[in-house]
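Below is one structure; the comments refer to it alone.
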Amino acid sequence: MADLGFAQLSNWLRFRHLVLIDTLARTQNMHATATEMNISQPAVSKMLREIEHQLGFDLFRRLPRSMTPTDLGSQVARYAQIALNDARHFVGQVNHLRQGGHGLLKIGSIFAPTSVALPAAIVAVKTRWPLLTMEVLEGTSASLLAMLEHKELDLVIARFTLDRHRQLFEFQPLAPEPLCLVTGSQHPLAGADDLPLAELANWPWIVFPTGTPMRARLERAFAEAGMRTPENTVETISLQTTLQLLQTAPMVAMLAEAMVAPDVQAGRLTRLALPFPLVLADYGIITRRQETPGWAAQAFIQALRSDVQARNHDGRPADNG
């Protein structure tokens, strides 16, 4: 079987083909795909046969109640999704520019930079380009990097969670992330000069989900102290939920210092006195490898790096004020 060439592919492949592949991969149902694309089911079946004939392999397994992607089909569906997201971004940028705007920049960030570094960079960029629309999404490193890979974001401020990320993305380190243990101000441990480490695991904890760097650091801290990991836990990435729980229940959480500094200063939360430091690896600016960021992304990256460097030069931590 001859290999598929780019010229051959570009001569017949259409965006409608990509939409069909992406939709069918999501719905895994011919009827649902036809409804979403507003065409008949026979038309979907005919178009799929044509695509598979041109590619030279099956994209989907025909099962009695569903159509699941084959191994090759999963790869094709992934690239179809990336191409469609890229096209949507292009259309959005063009329409925004036609209406007099300066484009659209989509940024993903973990929580620590959102307290100081991220807002400062946004203000700096918006001061120069007030008509530039900026969208900011908070989340875990894993979820944000998945969106970056699929071109749903222009850049991410996070840290790698998988080895393959080093092949997919460029990383520019920004700052470490100091962590602390906190409770509500009414917690029995609040204000204790000598923290009874052996009792920590007995309290209810609010933790990040399994697989996140924050969760891994917490588990490592307990292992290094020779203690069992807490079993009475609530898992969430929501800062608002975490803060509310800490203030209304006798719970403990490990969070970035920057995230809790305002509540500690206001007396709503109390930092526990730890005999050992808690620091995560540096977070940084992450962009897609072998793809030059657009002008807006480059301007934002420069503003972000300038702010962090200025804080470091002044002797102020980059992310905890």
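Chain lettering (A, B, ...) mirrors the order of the structure tokens, residue numbering begins at 1 for each chain separately, and ligand numbering begins at 1 in order of display.
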
### Message
Could you list, as a ChimeraX atom specification, every residue within 9 Å of segment 187-199 of chain A, counting only C-alpha atoms and ignoring same-chain residues fewer than 6 positions away?
### Response
/A:225,227,246-247,249-252,269-275

### Message
So that I can check the secondary structure, give me every residue of segment 38-96 of chain A assigned alpha helix (DSSP H) by backbone DSSP, as a ChimeraX atom specification.
### Response
/A:41-55,71-96

#### Entry: Residues within 12 Å of Val260 of chain A, only C-alpha atoms, excluding chain neighbours under 3 positions, as a PyMOL selection string
chain A and resi 111-112+114-115+178-184+239-240+242-244+246+253-257+263-271+319-321

Writer output for current selection, C-alpha atoms, as an mmCIF file, in the first residue's frame:
```
data_model
loop_
_atom_site.group_PDB
_atom_site.id
_atom_site.type_symbol
_atom_site.label_atom_id
_atom_site.label_comp_id
_atom_site.auth_asym_id
_atom_site.auth_seq_id
_atom_site.Cartn_x
_atom_site.Cartn_y
_atom_site.Cartn_z
ATOM 1 C CA PHE A 111 -3.349 29.117 40.339
ATOM 2 C CA ALA A 112 -0.099 30.460 41.840
ATOM 3 C CA THR A 114 -2.799 34.422 39.122
ATOM 4 C CA SER A 115 -2.213 36.255 42.389
ATOM 5 C CA PRO A 178 6.516 27.958 47.865
ATOM 6 C CA LEU A 179 3.810 25.949 49.613
ATOM 7 C CA CYS A 180 2.367 26.009 53.105
ATOM 8 C CA LEU A 181 -0.061 24.092 55.290
ATOM 9 C CA VAL A 182 -3.121 26.096 56.336
ATOM 10 C CA THR A 183 -6.220 25.704 58.470
ATOM 11 C CA GLY A 184 -9.120 27.915 59.411
ATOM 12 C CA LEU A 239 -9.745 27.547 45.385
ATOM 13 C CA GLN A 240 -13.102 29.021 46.390
ATOM 14 C CA THR A 242 -11.118 25.022 49.490
ATOM 15 C CA LEU A 243 -11.198 28.394 51.258
ATOM 16 C CA GLN A 244 -14.842 27.977 52.261
ATOM 17 C CA LEU A 246 -11.158 25.661 55.617
ATOM 18 C CA ALA A 253 -4.828 21.904 53.136
ATOM 19 C CA MET A 254 -1.474 22.320 51.404
ATOM 20 C CA LEU A 255 -1.633 25.320 49.085
ATOM 21 C CA ALA A 256 0.648 27.804 47.369
ATOM 22 C CA GLU A 257 1.575 30.674 49.666
ATOM 23 C CA ASP A 263 -6.771 35.230 53.745
ATOM 24 C CA VAL A 264 -3.865 34.699 56.144
ATOM 25 C CA GLN A 265 -3.301 38.466 56.397
ATOM 26 C CA ALA A 266 -7.021 39.009 57.014
ATOM 27 C CA GLY A 267 -7.023 36.411 59.792
ATOM 28 C CA ARG A 268 -9.415 34.022 58.058
ATOM 29 C CA LEU A 269 -6.733 31.339 57.691
ATOM 30 C CA THR A 270 -3.707 30.346 59.749
ATOM 31 C CA ARG A 271 -0.419 28.982 58.437
ATOM 32 C CA ASP A 319 4.425 34.821 43.402
ATOM 33 C CA ASN A 320 3.770 35.580 47.047
ATOM 34 C CA GLY A 321 4.025 39.338 47.132
#
```

Produce a table with one row for each residue of segment 242-286 of chain A that has an atom at most 6 Å from any atom of segment 156-170 of chain A, each row naming the nearest atom pair and its distance in Å at one decimal; use only C-alpha atoms; arrange rows by chain and rising residue number; format as a tab-separated table.
```
residue	atom	partner	partner_atom	distance
A:Tyr283	CA	A:Arg159	CA	4.8
A:Gly284	CA	A:Ile157	CA	5.4
A:Ile285	CA	A:Ile157	CA	4.7
A:Ile286	CA	A:Val156	CA	5.1
```

Selection export as a CSV table (one decimal), in the first residue's frame, atoms kept: all heavy atoms:
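The resulting part-v6.csv:
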```csv
chain,number,residue,atom,x,y,z
A,283,TYR,N,7.3,26.8,38.0
A,283,TYR,CA,6.4,26.8,36.9
A,283,TYR,C,7.0,27.8,35.8
A,283,TYR,O,7.9,28.5,36.1
A,283,TYR,CB,5.0,27.3,37.4
A,283,TYR,CG,5.0,28.7,38.0
A,283,TYR,CD1,5.0,29.8,37.2
A,283,TYR,CD2,4.9,28.9,39.3
A,283,TYR,CE1,4.9,31.1,37.7
A,283,TYR,CE2,4.8,30.2,39.9
A,283,TYR,CZ,4.9,31.3,39.1
A,283,TYR,OH,4.8,32.5,39.6
A,284,GLY,N,6.4,27.7,34.6
A,284,GLY,CA,7.0,28.6,33.6
A,284,GLY,C,6.0,28.8,32.4
A,284,GLY,O,4.9,28.3,32.5
A,285,ILE,N,6.5,29.5,31.4
A,285,ILE,CA,5.7,29.8,30.2
A,285,ILE,C,5.9,28.6,29.3
A,285,ILE,O,7.0,28.2,28.9
A,285,ILE,CB,6.2,31.1,29.6
A,285,ILE,CG1,6.0,32.2,30.6
A,285,ILE,CG2,5.4,31.3,28.3
A,285,ILE,CD1,6.9,33.4,30.2
A,286,ILE,N,4.8,28.0,28.8
A,286,ILE,CA,4.8,26.8,28.0
A,286,ILE,C,4.1,27.2,26.7
A,286,ILE,O,3.0,27.6,26.7
A,286,ILE,CB,4.2,25.6,28.6
A,286,ILE,CG1,4.9,25.3,30.0
A,286,ILE,CG2,4.3,24.4,27.7
A,286,ILE,CD1,4.3,24.2,30.8
```

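Take atom CA of His17 of chain A and atom CA of Leu48 of chain A: the distance between them is 8.0 Å.
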
### Closest of A:Pro213, A:Ala117, A:Leu304, A:His102 to Ser141 of chain A - atom-to-atom distances counting only C-alpha atoms
A:Pro213

### Task
Might you pull out every residue within 8 Å of Thr236 of chain A, with only C-alpha atoms counted and same-chain residues fewer than 5 positions away left off, and present them as a list in words?
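The residues that qualify are Ile206, Val207, Phe208, Pro209, Thr241 and Thr242 of chain A.
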
### Query
For Glu291 of chain A, which residue out of A:Phe15, A:Glu52, A:Arg65, A:Glu149 is the nearest one, using only C-alpha atoms?
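Among the listed residues, A:Glu149 lies closest to Glu291 of chain A.
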
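Between Pro69 of chain A and the residues A:Leu104, A:Ile82, A:Val94, A:Ile21, the shortest atom-to-atom distance, using only C-alpha atoms, involves A:Ile21.
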
As a compact mmCIF listing (two decimals) with N, CA and C atoms, in the first residue's frame, please: every residue in segment 78-262 of chain A that DSSP puts in strand (DSSP E).
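File states21.txt, as written:
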```txt
# COMPACT_ATOMS: atom_id res chain seq x y z
N LEU A 104 -7.14 38.27 19.52
CA LEU A 104 -7.58 37.51 20.69
C LEU A 104 -6.43 36.66 21.20
N LEU A 105 -6.17 36.70 22.51
CA LEU A 105 -5.12 35.90 23.14
C LEU A 105 -5.74 35.03 24.22
N LYS A 106 -5.54 33.72 24.11
CA LYS A 106 -6.10 32.78 25.08
C LYS A 106 -4.98 32.20 25.94
N ILE A 107 -5.08 32.44 27.24
CA ILE A 107 -4.03 32.08 28.19
C ILE A 107 -4.58 31.09 29.21
N GLY A 108 -3.81 30.05 29.49
CA GLY A 108 -4.15 29.13 30.56
C GLY A 108 -3.12 29.26 31.68
N SER A 109 -3.57 29.19 32.93
CA SER A 109 -2.64 29.37 34.05
C SER A 109 -3.03 28.50 35.23
N THR A 133 -8.32 41.48 22.99
CA THR A 133 -9.15 40.67 23.88
C THR A 133 -8.32 39.54 24.47
N MET A 134 -8.36 39.41 25.79
CA MET A 134 -7.59 38.38 26.47
C MET A 134 -8.53 37.49 27.26
N GLU A 135 -8.43 36.18 27.03
CA GLU A 135 -9.19 35.20 27.78
C GLU A 135 -8.23 34.43 28.69
N VAL A 136 -8.59 34.29 29.95
CA VAL A 136 -7.74 33.60 30.92
C VAL A 136 -8.52 32.44 31.52
N LEU A 137 -7.92 31.26 31.47
CA LEU A 137 -8.54 30.06 32.03
C LEU A 137 -7.63 29.48 33.10
N GLU A 138 -8.16 29.24 34.29
CA GLU A 138 -7.39 28.60 35.36
C GLU A 138 -7.66 27.10 35.37
N LEU A 155 -1.00 29.93 24.94
CA LEU A 155 0.14 29.66 25.82
C LEU A 155 -0.39 29.29 27.19
N VAL A 156 0.49 28.68 27.97
CA VAL A 156 0.10 28.19 29.29
C VAL A 156 1.19 28.56 30.30
N ILE A 157 0.78 28.92 31.50
CA ILE A 157 1.72 29.11 32.61
C ILE A 157 1.49 27.95 33.57
N ALA A 158 2.38 27.00 33.55
CA ALA A 158 2.17 25.77 34.30
C ALA A 158 3.51 25.04 34.44
N PHE A 169 6.42 20.67 23.81
CA PHE A 169 6.35 22.07 24.19
C PHE A 169 7.72 22.66 24.54
N GLU A 170 7.81 23.99 24.40
CA GLU A 170 8.94 24.76 24.89
C GLU A 170 8.60 25.26 26.30
N PHE A 171 9.62 25.31 27.17
CA PHE A 171 9.39 25.72 28.56
C PHE A 171 10.38 26.80 28.94
N GLN A 172 9.85 27.95 29.42
CA GLN A 172 10.69 29.03 29.94
C GLN A 172 10.39 29.18 31.43
N PRO A 173 11.31 28.77 32.31
CA PRO A 173 11.02 28.83 33.74
C PRO A 173 10.79 30.26 34.22
N LEU A 174 9.87 30.40 35.17
CA LEU A 174 9.57 31.72 35.73
C LEU A 174 9.93 31.81 37.20
N ALA A 175 9.35 30.94 38.02
CA ALA A 175 9.56 31.07 39.47
C ALA A 175 9.20 29.77 40.17
N PRO A 176 9.79 29.52 41.34
CA PRO A 176 9.36 28.38 42.15
C PRO A 176 8.02 28.69 42.81
N GLU A 177 7.43 27.69 43.42
CA GLU A 177 6.14 27.87 44.05
C GLU A 177 6.19 27.42 45.51
N PRO A 178 6.50 28.34 46.45
CA PRO A 178 6.52 27.96 47.87
C PRO A 178 5.12 27.53 48.32
N LEU A 179 5.07 26.49 49.12
CA LEU A 179 3.81 25.95 49.61
C LEU A 179 3.73 26.10 51.12
N CYS A 180 2.54 25.96 51.66
CA CYS A 180 2.37 26.01 53.10
C CYS A 180 1.17 25.16 53.49
N LEU A 181 1.11 24.77 54.75
CA LEU A 181 -0.06 24.09 55.29
C LEU A 181 -0.91 25.14 56.00
N VAL A 182 -2.23 25.11 55.74
CA VAL A 182 -3.12 26.10 56.34
C VAL A 182 -4.36 25.42 56.91
N THR A 183 -4.94 26.09 57.89
CA THR A 183 -6.22 25.70 58.47
C THR A 183 -7.06 26.96 58.64
N GLY A 184 -8.31 26.78 59.02
CA GLY A 184 -9.12 27.92 59.41
C GLY A 184 -8.61 28.48 60.72
N TRP A 205 -8.59 16.39 55.29
CA TRP A 205 -7.75 17.19 54.40
C TRP A 205 -8.51 17.55 53.13
N ILE A 206 -8.14 18.70 52.58
CA ILE A 206 -8.58 19.09 51.24
C ILE A 206 -7.36 18.96 50.34
N VAL A 207 -7.46 18.14 49.30
CA VAL A 207 -6.28 17.82 48.48
C VAL A 207 -6.59 18.04 47.01
N THR A 233 -10.37 12.67 53.02
CA THR A 233 -10.02 13.78 52.12
C THR A 233 -11.21 14.24 51.29
N VAL A 234 -11.12 15.48 50.84
CA VAL A 234 -11.98 16.03 49.80
C VAL A 234 -11.06 16.47 48.67
N GLU A 235 -11.30 15.98 47.44
CA GLU A 235 -10.46 16.33 46.30
C GLU A 235 -11.12 17.45 45.50
N VAL A 252 -7.51 20.65 56.91
CA VAL A 252 -6.14 21.09 56.62
C VAL A 252 -5.93 21.02 55.11
N ALA A 253 -5.14 21.93 54.56
CA ALA A 253 -4.83 21.90 53.14
C ALA A 253 -3.40 22.37 52.91
N MET A 254 -2.77 21.84 51.86
CA MET A 254 -1.47 22.32 51.40
C MET A 254 -1.72 23.14 50.14
N LEU A 255 -1.37 24.42 50.19
CA LEU A 255 -1.63 25.32 49.08
C LEU A 255 -0.42 26.21 48.83
N ALA A 256 -0.40 26.84 47.67
CA ALA A 256 0.65 27.80 47.37
C ALA A 256 0.49 29.01 48.29
```

### Selected residue of minimal separation from Arg288 of chain A among A:Asp307, A:Pro262, A:Leu148, A:Thr248, counting only C-alpha atoms
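Under the stated criterion, the closest residue is A:Leu148.
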
### Query
What gap, in Å, lies between atom CA of Ala261 of chain A and atom CA of Ile237 of chain A?
17.5 Å
